[in-house]
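The next block is upload_0.cif, given as mmCIF, C-alpha atoms.
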```
data_run
#
loop_
_atom_site.label_atom_id
_atom_site.label_comp_id
_atom_site.auth_asym_id
_atom_site.auth_seq_id
_atom_site.Cartn_x
_atom_site.Cartn_y
_atom_site.Cartn_z
CA MET A 1 -2.12 -23.88 22.16
CA ASP A 2 1.37 -25.42 21.78
CA ARG A 3 4.11 -24.38 19.35
CA LYS A 4 3.36 -27.24 16.95
CA THR A 5 -0.30 -26.29 16.66
CA ILE A 6 0.60 -22.64 16.09
CA LEU A 7 3.13 -23.66 13.45
CA SER A 8 0.56 -25.61 11.45
CA GLU A 9 -1.97 -22.76 11.77
CA LEU A 10 0.72 -20.27 10.76
CA LYS A 11 1.26 -22.19 7.52
CA LYS A 12 -2.30 -21.30 6.50
CA VAL A 13 -1.63 -17.63 7.25
CA LEU A 14 1.60 -17.70 5.19
CA ALA A 15 0.18 -19.66 2.25
CA PRO A 16 -1.49 -16.77 0.34
CA TYR A 17 1.80 -14.83 0.41
CA THR A 18 4.11 -17.72 -0.52
CA GLU A 19 4.45 -17.99 -4.29
CA ASN A 20 5.92 -21.49 -4.23
CA LYS A 21 3.56 -23.44 -1.95
CA GLU A 22 5.94 -26.42 -1.87
CA LEU A 23 8.31 -24.36 0.28
CA LEU A 24 5.71 -24.51 3.06
CA ASN A 25 6.13 -28.28 3.39
CA GLY A 26 9.66 -27.98 4.73
CA ILE A 27 8.87 -25.20 7.17
CA THR A 28 10.61 -25.22 10.58
CA GLU A 29 11.09 -22.67 13.37
CA GLU A 30 14.34 -21.58 11.65
CA THR A 31 12.61 -20.78 8.35
CA ASP A 32 13.16 -17.14 7.33
CA LEU A 33 9.99 -15.61 5.85
CA ILE A 34 11.83 -13.47 3.31
CA LYS A 35 14.97 -15.48 2.54
CA ASP A 36 13.53 -19.01 2.62
CA LEU A 37 9.86 -18.57 1.70
CA LYS A 38 10.64 -15.70 -0.71
CA ILE A 39 7.80 -13.62 0.72
CA ASN A 40 7.61 -10.02 -0.52
CA SER A 41 8.73 -7.91 2.45
CA ALA A 42 5.78 -5.53 1.95
CA ASN A 43 3.47 -8.49 2.59
CA LEU A 44 4.84 -9.02 6.10
CA VAL A 45 2.36 -6.36 7.20
CA ASP A 46 -0.51 -8.37 5.69
CA ILE A 47 0.76 -11.52 7.41
CA ILE A 48 0.79 -9.71 10.75
CA ILE A 49 -2.74 -8.40 10.20
CA ASP A 50 -3.97 -11.88 9.18
CA ALA A 51 -2.25 -13.43 12.20
CA GLU A 52 -3.96 -10.89 14.45
CA SER A 53 -7.39 -11.96 13.27
CA ALA A 54 -6.49 -15.68 13.17
CA TYR A 55 -5.33 -15.65 16.80
CA ASN A 56 -7.48 -12.76 18.05
CA ILE A 57 -4.46 -10.78 19.26
CA GLU A 58 -2.93 -7.34 18.70
CA ILE A 59 0.66 -7.05 17.53
CA ASP A 60 2.52 -3.82 18.27
CA PHE A 61 5.38 -2.25 16.30
CA ASP A 62 8.20 -3.63 18.48
CA SER A 63 6.87 -7.20 18.33
CA ALA A 64 6.28 -6.93 14.58
CA GLU A 65 9.92 -6.02 14.02
CA LYS A 66 10.98 -9.35 15.53
CA MET A 67 8.83 -11.47 13.22
CA TYR A 68 11.31 -12.55 10.56
CA LEU A 69 11.80 -16.22 11.43
CA VAL A 70 8.87 -18.63 11.83
CA GLY A 71 10.06 -19.29 15.40
CA ASN A 72 9.97 -15.54 16.20
CA CYS A 73 6.42 -15.38 14.87
CA ILE A 74 5.40 -18.25 17.16
CA ASP A 75 7.09 -16.49 20.13
CA VAL A 76 5.15 -13.28 19.49
CA ILE A 77 1.85 -15.08 18.87
CA MET A 78 2.19 -17.16 22.08
CA ASP A 79 3.25 -14.11 24.06
CA LYS A 80 0.26 -12.08 22.87
CA MET A 81 -2.17 -14.96 23.38
CA ASN A 82 -0.99 -15.31 26.96
CA GLN A 83 -1.42 -11.57 27.51
CA SER A 84 -5.01 -11.59 26.30
CA ALA A 85 -5.87 -14.85 28.09
CA MET B 1 -5.78 24.21 3.04
CA TYR B 2 -5.50 20.60 1.88
CA ASN B 3 -3.33 21.76 -0.96
CA ASP B 4 -0.36 22.66 1.27
CA ILE B 5 0.40 18.96 1.23
CA LEU B 6 0.99 19.09 -2.54
CA ASN B 7 4.25 20.95 -1.85
CA LEU B 8 5.50 17.84 -0.07
CA LEU B 9 5.07 15.63 -3.15
CA PRO B 10 8.40 14.40 -4.45
CA TYR B 11 7.43 14.68 -8.14
CA LYS B 12 8.14 17.45 -10.60
CA SER B 13 6.46 18.67 -13.78
CA SER B 14 6.13 15.80 -16.27
CA PHE B 15 5.54 13.14 -13.63
CA ARG B 16 3.33 14.96 -11.18
CA PHE B 17 -0.26 13.84 -11.57
CA VAL B 18 -2.15 15.75 -8.89
CA ASP B 19 -3.77 19.15 -9.52
CA ALA B 20 -5.99 19.60 -6.50
CA ILE B 21 -7.25 17.86 -3.41
CA LEU B 22 -11.01 18.18 -2.98
CA PHE B 23 -11.31 16.24 0.26
CA LEU B 24 -8.86 14.65 2.69
CA ASP B 25 -9.12 13.02 6.08
CA ASP B 26 -7.55 10.05 7.91
CA ASP B 27 -9.79 7.55 6.11
CA GLY B 28 -9.66 8.74 2.53
CA ILE B 29 -9.07 11.32 -0.15
CA LYS B 30 -10.65 12.82 -3.26
CA GLY B 31 -8.43 14.58 -5.75
CA GLU B 32 -8.33 15.55 -9.41
CA TYR B 33 -5.98 15.81 -12.35
CA THR B 34 -6.39 17.07 -15.91
CA LEU B 35 -4.41 15.19 -18.55
CA LYS B 36 -2.28 17.64 -20.53
CA ALA B 37 -2.57 17.26 -24.29
CA ASP B 38 1.18 17.93 -24.66
CA SER B 39 2.22 15.22 -22.17
CA PHE B 40 5.27 13.25 -23.31
CA PHE B 41 3.50 9.89 -23.57
CA TYR B 42 0.84 10.94 -26.11
CA GLU B 43 3.35 11.40 -28.89
CA ASP B 44 4.13 7.69 -29.00
CA HIS B 45 1.04 6.13 -27.36
CA PHE B 46 -0.29 5.81 -29.95
CA ILE B 47 1.13 7.43 -33.09
CA GLY B 48 -1.60 9.71 -34.43
CA ASN B 49 -4.06 8.32 -31.88
CA PRO B 50 -3.25 9.63 -28.39
CA VAL B 51 -4.71 7.49 -25.58
CA THR B 52 -3.63 7.73 -21.93
CA PRO B 53 -1.51 4.65 -21.08
CA GLY B 54 -2.82 2.34 -18.36
CA VAL B 55 0.42 2.82 -16.41
CA ILE B 56 -0.23 6.57 -16.31
CA ILE B 57 -3.83 5.98 -15.11
CA THR B 58 -2.35 3.70 -12.45
CA GLU B 59 0.23 6.35 -11.50
CA ILE B 60 -2.46 9.06 -11.15
CA MET B 61 -4.47 6.74 -8.88
CA ALA B 62 -1.36 5.91 -6.85
CA GLN B 63 -0.19 9.54 -6.46
CA ILE B 64 -3.58 10.82 -5.29
CA GLY B 65 -4.92 7.69 -3.61
CA LEU B 66 -1.79 6.48 -1.85
CA VAL B 67 0.97 9.09 -1.81
CA VAL B 68 -1.02 12.20 -0.88
CA LEU B 69 -3.10 10.26 1.65
CA GLY B 70 0.03 8.54 3.00
CA ILE B 71 1.91 11.81 3.45
CA HIS B 72 -1.13 13.25 5.20
CA LEU B 73 -1.26 10.27 7.57
CA ILE B 74 2.43 10.58 8.37
CA VAL B 75 2.62 14.36 8.79
CA SER B 76 -0.67 14.62 10.68
CA GLY B 77 1.14 12.09 12.82
CA LYS B 78 -0.85 9.69 14.92
CA LYS B 79 1.86 8.66 17.37
CA GLU B 80 0.91 4.97 17.40
CA GLU B 81 2.00 4.52 13.80
CA GLU B 82 5.54 5.32 14.93
CA ILE B 83 6.73 6.26 11.45
CA ILE B 84 8.00 9.68 10.42
CA MET B 85 9.35 11.11 7.18
CA ASP B 86 13.00 11.90 6.79
CA VAL B 87 14.93 13.89 4.17
CA ASP B 88 15.77 10.64 2.35
CA SER B 89 12.19 9.31 2.40
CA PHE B 90 10.27 8.59 -0.77
CA PRO B 91 7.12 6.61 -1.58
CA LEU B 92 7.32 3.14 -3.15
CA LEU B 93 4.42 1.29 -4.71
CA THR B 94 4.34 -2.30 -3.44
CA SER B 95 1.28 -3.73 -5.21
CA THR B 96 -1.59 -2.84 -7.52
CA ASP B 97 -4.54 -4.82 -8.78
CA VAL B 98 -6.44 -2.56 -11.18
CA SER B 99 -9.26 -3.01 -13.67
CA PHE B 100 -9.83 -0.48 -16.46
CA PHE B 101 -13.31 0.29 -17.72
CA LYS B 102 -12.92 3.36 -19.98
CA MET B 103 -10.25 5.06 -22.09
CA VAL B 104 -8.97 8.50 -21.07
CA LEU B 105 -8.15 10.98 -23.83
CA PRO B 106 -5.87 14.06 -23.76
CA GLY B 107 -7.42 17.03 -21.94
CA GLU B 108 -9.82 14.99 -19.84
CA LYS B 109 -10.23 15.78 -16.15
CA VAL B 110 -10.28 12.75 -13.87
CA THR B 111 -11.29 12.43 -10.23
CA VAL B 112 -9.69 9.88 -7.91
CA ILE B 113 -11.40 8.64 -4.75
CA SER B 114 -9.45 6.50 -2.33
CA LYS B 115 -10.64 4.75 0.82
CA LYS B 116 -8.13 3.51 3.36
CA GLN B 117 -8.26 -0.20 4.17
CA TYR B 118 -5.40 0.00 6.63
CA PHE B 119 -2.30 2.00 7.50
CA ARG B 120 -0.02 -0.05 9.71
CA PHE B 121 3.73 -0.42 10.21
CA GLY B 122 4.21 2.19 7.51
CA LYS B 123 2.22 0.38 4.82
CA LEU B 124 -0.90 1.97 3.36
CA LYS B 125 -3.49 -0.15 1.52
CA CYS B 126 -6.46 1.48 -0.21
CA LEU B 127 -9.39 0.85 -2.52
CA VAL B 128 -8.94 3.44 -5.27
CA GLU B 129 -11.43 4.47 -7.96
CA MET B 130 -11.13 6.91 -10.86
CA TYR B 131 -14.09 8.69 -12.46
CA ASP B 132 -14.48 10.96 -15.49
CA GLU B 133 -16.38 14.27 -15.61
CA ALA B 134 -19.65 12.43 -16.28
CA SER B 135 -19.01 10.44 -13.05
CA GLU B 136 -18.48 7.27 -15.01
CA LEU B 137 -16.00 4.74 -13.64
CA ILE B 138 -12.67 4.71 -15.50
CA ALA B 139 -10.68 2.34 -13.28
CA LYS B 140 -10.83 0.66 -9.91
CA GLY B 141 -8.33 -1.30 -7.85
CA ILE B 142 -6.48 -2.14 -4.68
CA PHE B 143 -3.21 -0.25 -4.13
CA SER B 144 -0.51 -0.63 -1.49
CA GLY B 145 2.65 1.31 -0.83
CA ILE B 146 5.26 2.16 1.74
CA ILE B 147 7.50 5.11 2.53
CA LYS B 148 11.07 4.00 1.91
CA ASN B 149 13.70 5.24 4.37
CA ALA B 150 11.07 6.51 6.77
CA ILE B 151 12.42 6.51 10.28
CA LYS B 152 10.92 5.19 13.44
CA GLY B 153 9.41 8.02 15.44
#
```
Could you show the structure in this file as structure tokens?
Amino acid sequence: MDRKTILSELKKVLAPYTENKELLNGITEETDLIKDLKINSANLVDIIIDAESAYNIEIDFDSAEKMYLVGNCIDVIMDKMNQSA
Amino acid sequence: MYNDILNLLPYKSSFRFVDAILFLDDDGIKGEYTLKADSFFYEDHFIGNPVTPGVIITEIMAQIGLVVLGIHLIVSGKKEEEIIMDVDSFPLLTSTDVSFFKMVLPGEKVTVISKKQYFRFGKLKCLVEMYDEASELIAKGIFSGIIKNAIKG
């Protein structure tokens, strides 16, 4: 799976936690989940759990801490998918 | 035995809504609280007609269902959660979605049953139910919370 495909899949994972869905249209790898998408920081845990089931991966504490930009999320997801492949 | 954990609760007197823990393990908790007829909120809610406010019902569910269970999970310390309490730590409610089915009057004893949905990265999410002494459902909902200023273990 390439970064573009993961990005479009990731939008679906982020959608339930993004109050203003229009913000998802302009999403890039530099988009900050909290500052740009206005996601409640407590919901980052739910996003990680949803991403785990969407991509069939396991995300550990150290990786989770890095997931604040969309690009970081894609890095972690790709990394974990490669590990389990 | 379970009740040692009550000493770790950060609430005092008028805002402590846990009397006893009846059951507690890593997946859930059962606890009880009796509403005191002289509690501060009955005087004004409502005048001459005391009814337990929904926010207090919610708080009782959160204290037993999330805070006591959460403290248990942290102090009983499964290493993989990597979160430990510090002197500055305190619990913060992050979301609730509750439905209320029955009123609670002064003096009533309520029982709260909470089942863990997940505890990860320091966030606890539970399905919490409250019952009266006749085992009738008072309220039910999904609660989540975190420990603020917890430190990485």
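You can rank A:Asn20, A:Ser8, A:Ser53, A:Ser41 by their closest distance to chain B using only C-alpha atoms, and at the top of that list sits A:Ser41.
This file, filtered with the PyMOL selection byres ((chain A) within 12 of (chain B)), gives the residues Asn40, Ser41, Ala42, Asn43, Leu44, Val45, Asp46, Ile47, Ile48, Ile49, Glu58, Ile59, Asp60, Phe61, Asp62, Ser63, Ala64 and Glu65 of chain A.
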**Study point:** Interatomic distance (Å, one decimal) between CA of Ile5 in chain B and CA of Val98 in chain B
**Key:** 25.8 Å
Show me the residues around (-1.3, 15.4, -23.3) - criterion: an atom at most 9 Å away, all atoms listed in the file counted - as a PDB file with C-alpha atoms, in the frame of the given file.
```
ATOM      1  CA  LEU B  35      -4.410  15.190 -18.550  1.00  0.00           C
ATOM      2  CA  LYS B  36      -2.280  17.640 -20.530  1.00  0.00           C
ATOM      3  CA  ALA B  37      -2.570  17.260 -24.290  1.00  0.00           C
ATOM      4  CA  ASP B  38       1.180  17.930 -24.660  1.00  0.00           C
ATOM      5  CA  SER B  39       2.220  15.220 -22.170  1.00  0.00           C
ATOM      6  CA  PHE B  40       5.270  13.250 -23.310  1.00  0.00           C
ATOM      7  CA  PHE B  41       3.500   9.890 -23.570  1.00  0.00           C
ATOM      8  CA  TYR B  42       0.840  10.940 -26.110  1.00  0.00           C
ATOM      9  CA  GLU B  43       3.350  11.400 -28.890  1.00  0.00           C
ATOM     10  CA  PRO B  50      -3.250   9.630 -28.390  1.00  0.00           C
ATOM     11  CA  VAL B  51      -4.710   7.490 -25.580  1.00  0.00           C
ATOM     12  CA  THR B  52      -3.630   7.730 -21.930  1.00  0.00           C
ATOM     13  CA  LEU B 105      -8.150  10.980 -23.830  1.00  0.00           C
ATOM     14  CA  PRO B 106      -5.870  14.060 -23.760  1.00  0.00           C
ATOM     15  CA  GLY B 107      -7.420  17.030 -21.940  1.00  0.00           C
TER      16      GLY B 107
END
```
Practice item. Using the chain letters and numbering of this document, enumerate as an MDAnalysis selection string the residues selected by the PyMOL selection byres ((chain A and resi 75-84) around 9). Key: chainID A and resid 1:3 6 51:52 55:59 63:64 66:67 70:74 85
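The spacing separating CA of Lys148 in chain B from CA of Leu9 in chain B amounts to 14.0 Å.
Counting from CA of Thr18 in chain A, the distance to CA of Val55 in chain B is 26.2 Å.
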**Study point:** Closest of B:Glu108, B:Asp97, B:Glu129, B:Asp86 to Tyr33 in chain B - atom-to-atom distances counting only C-alpha atoms
**Key:** B:Glu108
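Taking only C-alpha atoms, the non-local environment of Asp27 in chain B within 12 Å (same-chain residues fewer than 5 positions away omitted) comprises Gly65, Leu66, Leu69, Gly70, His72, Leu73, Ile113, Ser114, Lys115, Lys116, Gln117, Tyr118, Phe119, Leu124, Lys125, Cys126 and Leu127 of chain B.
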Revision key, fill the gap. Using all atoms listed in the file, the shortest atom-to-atom distance to Gly28 in chain B among B:Val67, B:Phe101, B:Ser14, B:Ile60 belongs to B:Val67
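This file gives the following result for the PyMOL selection byres ((chain B and resi 85) around 8): Ile74, Val75, Ile83, Ile84, Asp86, Val87, Ser89, Ile147, Asn149, Ala150 and Ile151 of chain B.
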Check your understanding: Can you list, as JSON, numbers by chain, every protein, DNA or RNA residue that comes within 7 Å of Ile39 in chain A when you count only C-alpha atoms, leaving out same-chain residues fewer than 5 positions away?
Key -> {"A": [17, 18, 33, 34]}
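Closest approach to Asp19 in chain B among B:Asp44, B:Asp88, B:Glu136, B:Glu32 is made by B:Glu32 (distances from only C-alpha atoms).
Using all atoms listed in the file for every distance, the candidate list B:Asn3, B:His45, B:Pro10, B:Ser76 yields B:Pro10 as the residue closest to Phe90 in chain B.
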For range 8-18 of chain A, take all atoms listed in the file, fit an axis-aligned box around them, add 6 Å to each of the six sides, then output centre and edge lengths in Å rounded to one decimal, as AutoDock Vina command-line options.
```
--center_x 0.9 --center_y -20.2 --center_z 5.6 --size_x 18.4 --size_y 22.8 --size_z 24.3
```
